[in-house]
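Have a look at the structure below before the remarks.
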Amino acid sequence: MPKVSIDSLELNGRRVLVRVDFNVPVATDENGERFVSDDTRIRAALPTIRRITEAGGRAVLLSHLGRPNGKPDPALSLAPVAKHLASLLASPVRFVPCTVGPEVISVIRDMAPGDVVLLENTRFLPGEKENDRGLSAQLAEMADVYVNDAFGTAHRAHASTEGVAHLVQTAAMGKLMEIEISFLSRILDSPETPFVAIIGGAKVSDKIGIVERLLDSVDALLIGGAMSYTFMKSIGVGTGDSMVENECLKAAADLLTRAGDRIRLPVDHVVATSFDNEAQIRIASGVIPDAEMGLDIGPATVEAYRTVILGAKTLVWNGPMGVFEMPSFASGTIAIARAMAEATERGALTVVGGGDSVAAITAAGLESRVSHVSTGGGAMLEFLEGKTLPGFAALTSV
Ligand code: AMP
């Protein structure tokens, strides 16, 4: 169902309550001051914020940060995020140390057109995760228009992402939400073929849903990361000491049977005798011997996957090919990032999502050379599994 976009709204003078995803890493400097150490998600919300301020709207921003369990935790205050946002916008951002209540109402009343206010962490309130109707109503009262731009939390039905949307006259998608949904819809509904998915990471259990759904449409599904070993073991290939989810062996074997030759597994591996960047490494083809563990895809696999990637017209990638946090086991993931950039240059539509794959493509300096880097890991997986995202579904339909 198409949703109302912020671009179609008259915002001049209006109070625009925007749910953003400012759940960013925050570190502490030598003076004990907290600062934002990766501002990707804040930058991703700037087009929506600027759309409001340039139209003379009053932008009231809401976000969660971390997991404070429904009570205030100074270590998870959004205060440093407000400071960082002000520097990115090059204009003041007023931080309010509460999320609802008389102080918030009075600050909003005093806002001038074009002003930006950031409220305190929504998850300091127990009603947020409980999707409490009372809290949703308090939020709705503060808004002439509600905008959801928090794609990264759209798979959660919380008061600030879902409940409030039902209680306002207009609940629109922000510009980031619109871009995310439009790229992922193209992949889900009408991918130009060959359509290839690359799925990696640690756990098959997290990815069974997406593998199942993608098998409806993919021409090839390239598997990497520790997930590979559960698939290999499920068909009797030795995996030594590699990470395996024994409870998923049956599901993995069933998926392989259903996929025929469309699921590709690594043909060689970077192996070591311990989970350690300094460990002696070697390349093992096929079977991984006892006492060794697979920690990255090997060079023959990289070559084979690269060929498939370069032949594709639509590509989606989620999850690293190995323990990419350790330089000894990062080559496979970096090679896939490069192949994605090359495929994009050749005209393919390429989408990368999930914290680790995004970190890898950013570390390789290739994030601007793919069609789209998704800000949502869990939300992207659930969308591609075909599940409804409550934070999107609750928005006003066109
Ligand atoms: P996920 O959250 O499921 O996408 O998994 C990401 C994590 O999987 C990263 O922290 C990787 O280090 C880890 N990982 C990838 N490949 C392997 C492997 N072969 N053995 C152990 N951990 C792995």
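Residue numbering restarts at 1 in every chain; chains get A, B, ... in the order shown in the structure tokens, and ligands count up from 1 in that same order.
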
Would you kindly return, as a list of chain:residue names, each protein, DNA or RNA residue with an atom no farther than 9 Å from any atom of range 129-141 of chain A, considering only C-alpha atoms and excluding same-chain residues fewer than 6 positions away? A:Leu17, A:Asn69, A:Gly70, A:Thr99, A:Val100, A:Gly101, A:Thr122, A:Arg123, A:Arg156, A:Ala157, A:His158, A:Ala159, A:Ser160, A:Thr161, A:Glu162, A:Gly163, A:Val164, A:Ala165, A:His166, A:Leu167, A:Val168

Residues near range 289-293 of chain A, cut-off 12 Å, only C-alpha atoms, skip fewer than 5 positions along chain, as a count of residues only: 30

DSSP on the backbone, then: every residue of range 12-242 of chain A marked helix (DSSP H, G or I), written as JSON, numbers by chain. {"A": [40, 41, 42, 43, 44, 45, 46, 47, 48, 49, 50, 51, 52, 53, 54, 74, 75, 76, 79, 80, 81, 82, 83, 84, 85, 86, 87, 88, 89, 102, 103, 104, 105, 106, 107, 108, 109, 122, 123, 124, 126, 127, 128, 129, 133, 134, 135, 136, 137, 138, 139, 140, 141, 151, 152, 153, 163, 164, 165, 166, 167, 175, 176, 177, 178, 179, 180, 181, 182, 183, 184, 185, 186, 187, 188, 189, 204, 205, 206, 207, 208, 209, 210, 211, 212, 213, 214, 227, 228, 229, 230, 231, 232, 233, 234]}

Find the residues of chain A that sit at most 8 Å from ligand 1; for each, write down the nearest two atoms and how far apart they are in Å, to one decimal. Count only C-alpha atoms and all ligand atoms. Sort by chain, then by number going up, and give it as CSV.
residue,atom,partner,partner_atom_place_in_ligand_line,distance
A:Gly200,CA,ligand 1,4 (O),6.2
A:Gly201,CA,ligand 1,5 (O),3.4
A:Ala202,CA,ligand 1,8 (O),3.7
A:Lys203,CA,ligand 1,3 (O),4.8
A:Val204,CA,ligand 1,3 (O),7.6
A:Asp206,CA,ligand 1,3 (O),6.6
A:Lys207,CA,ligand 1,3 (O),7.7
A:Gly224,CA,ligand 1,16 (N),7.2
A:Gly225,CA,ligand 1,16 (N),3.4
A:Ala226,CA,ligand 1,19 (N),3.7
A:Met227,CA,ligand 1,16 (N),7.2
A:Ser228,CA,ligand 1,19 (N),7.8
A:Tyr229,CA,ligand 1,19 (N),7.8
A:Ser242,CA,ligand 1,20 (N),6.4
A:Met243,CA,ligand 1,20 (N),5.6
A:Phe275,CA,ligand 1,21 (C),7.8
A:Met293,CA,ligand 1,19 (N),7.5
A:Gly294,CA,ligand 1,19 (N),5.1
A:Leu295,CA,ligand 1,19 (N),3.6
A:Asp296,CA,ligand 1,19 (N),5.4
A:Ile297,CA,ligand 1,19 (N),7.9
A:Asn318,CA,ligand 1,4 (O),7.1
A:Gly319,CA,ligand 1,4 (O),4.3
A:Pro320,CA,ligand 1,15 (C),5.6
A:Met321,CA,ligand 1,16 (N),5.6
A:Gly322,CA,ligand 1,16 (N),3.3
A:Val323,CA,ligand 1,12 (O),3.4
A:Phe324,CA,ligand 1,12 (O),5.6
A:Glu325,CA,ligand 1,12 (O),5.9
A:Met326,CA,ligand 1,12 (O),7.8
A:Gly354,CA,ligand 1,4 (O),6.9
A:Gly355,CA,ligand 1,4 (O),7.6
A:Asp356,CA,ligand 1,6 (C),6.1
A:Ser357,CA,ligand 1,4 (O),7.8

Output of the above residues as a CSV table (one decimal), in the first residue's frame, restricted to N, CA and C atoms:
chain,number,residue,atom,x,y,z
A,200,GLY,N,25.7,-13.9,4.5
A,200,GLY,CA,26.8,-14.4,5.3
A,200,GLY,C,26.4,-14.2,6.8
A,201,GLY,N,27.5,-14.2,7.6
A,201,GLY,CA,27.3,-14.0,9.1
A,201,GLY,C,27.3,-15.3,9.8
A,202,ALA,N,27.0,-15.2,11.1
A,202,ALA,CA,27.3,-16.3,12.0
A,202,ALA,C,26.2,-17.4,12.0
A,203,LYS,N,25.0,-16.9,12.0
A,203,LYS,CA,23.9,-17.9,12.3
A,203,LYS,C,23.0,-18.2,11.2
A,204,VAL,N,22.8,-19.4,10.9
A,204,VAL,CA,21.7,-19.8,10.0
A,204,VAL,C,20.4,-19.5,10.6
A,206,ASP,N,19.2,-17.1,12.2
A,206,ASP,CA,18.8,-15.7,12.0
A,206,ASP,C,18.4,-15.5,10.5
A,207,LYS,N,18.9,-16.4,9.6
A,207,LYS,CA,18.7,-16.1,8.2
A,207,LYS,C,17.9,-17.1,7.4
A,224,GLY,N,28.2,-17.4,2.7
A,224,GLY,CA,29.5,-17.3,3.3
A,224,GLY,C,29.4,-17.2,4.8
A,225,GLY,N,30.5,-16.9,5.5
A,225,GLY,CA,30.5,-16.8,6.9
A,225,GLY,C,30.3,-18.2,7.6
A,226,ALA,N,30.2,-18.1,8.9
A,226,ALA,CA,30.0,-19.4,9.7
A,226,ALA,C,28.8,-20.2,9.3
A,227,MET,N,27.8,-19.5,8.7
A,227,MET,CA,26.6,-20.1,8.2
A,227,MET,C,26.9,-21.3,7.3
A,228,SER,N,28.0,-21.1,6.5
A,228,SER,CA,28.4,-22.1,5.5
A,228,SER,C,28.6,-23.5,6.1
A,229,TYR,N,29.1,-23.5,7.4
A,229,TYR,CA,29.5,-24.8,8.0
A,229,TYR,C,28.3,-25.6,8.4
A,242,SER,N,34.8,-25.8,13.1
A,242,SER,CA,34.1,-24.5,12.7
A,242,SER,C,32.8,-24.4,13.5
A,243,MET,N,32.3,-23.2,13.5
A,243,MET,CA,31.1,-22.9,14.2
A,243,MET,C,29.9,-23.5,13.4
A,275,PHE,N,40.7,-19.3,17.2
A,275,PHE,CA,40.0,-18.1,16.8
A,275,PHE,C,40.8,-16.9,17.2
A,293,MET,N,39.5,-24.8,12.1
A,293,MET,CA,38.2,-24.1,11.9
A,293,MET,C,38.2,-23.1,10.7
A,294,GLY,N,37.1,-23.1,10.0
A,294,GLY,CA,37.0,-22.1,8.9
A,294,GLY,C,36.6,-20.8,9.4
A,295,LEU,N,37.4,-19.7,9.0
A,295,LEU,CA,37.2,-18.4,9.5
A,295,LEU,C,37.0,-17.4,8.4
A,296,ASP,N,37.1,-17.8,7.1
A,296,ASP,CA,36.9,-16.9,6.0
A,296,ASP,C,36.7,-17.8,4.8
A,297,ILE,N,36.1,-17.2,3.7
A,297,ILE,CA,36.1,-18.0,2.4
A,297,ILE,C,37.4,-17.9,1.8
A,318,ASN,N,23.9,-9.3,2.6
A,318,ASN,CA,23.7,-9.2,4.1
A,318,ASN,C,24.6,-10.2,4.8
A,319,GLY,N,25.5,-9.7,5.6
A,319,GLY,CA,26.4,-10.6,6.4
A,319,GLY,C,27.7,-10.9,5.9
A,320,PRO,N,28.8,-10.8,6.8
A,320,PRO,CA,30.2,-10.9,6.3
A,320,PRO,C,30.5,-12.4,5.9
A,321,MET,N,31.6,-12.5,5.1
A,321,MET,CA,32.0,-13.8,4.6
A,321,MET,C,32.9,-14.6,5.6
A,322,GLY,N,33.3,-13.8,6.6
A,322,GLY,CA,34.2,-14.4,7.6
A,322,GLY,C,34.3,-13.5,8.8
A,323,VAL,N,35.3,-13.8,9.7
A,323,VAL,CA,35.5,-13.0,10.9
A,323,VAL,C,36.2,-11.8,10.4
A,324,PHE,N,35.5,-10.9,9.8
A,324,PHE,CA,36.1,-9.7,9.1
A,324,PHE,C,36.7,-8.7,10.1
A,325,GLU,N,36.3,-8.8,11.4
A,325,GLU,CA,36.9,-7.9,12.4
A,325,GLU,C,38.4,-8.2,12.6
A,326,MET,N,38.8,-9.4,12.2
A,326,MET,CA,40.3,-9.7,12.4
A,326,MET,C,40.9,-9.7,11.0
A,354,GLY,N,22.8,-4.6,6.9
A,354,GLY,CA,23.3,-5.3,8.0
A,354,GLY,C,24.5,-4.7,8.5
A,355,GLY,N,24.6,-4.5,9.9
A,355,GLY,CA,25.7,-3.7,10.5
A,355,GLY,C,27.1,-4.1,10.0
A,356,ASP,N,27.3,-5.5,9.9
A,356,ASP,CA,28.7,-5.9,9.6
A,356,ASP,C,29.0,-5.7,8.2
A,357,SER,N,28.1,-6.0,7.3
A,357,SER,CA,28.4,-5.8,5.8
A,357,SER,C,28.6,-4.3,5.5

Can you pull out every residue within 7 Å of Leu384 in chain A, counting only C-alpha atoms, but drop anything in the same chain fewer than 4 positions away, and send it as a PyMOL selection string? chain A and resi 188+210+380

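As for CA of Ile181 in chain A and CA of Ala359 in chain A, they are spaced 21.0 Å apart.
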
From the list A:Ala300, A:Leu85, A:Phe231, A:Val116, which residue is nearest Phe35 in chain A when using only C-alpha atoms? A:Leu85
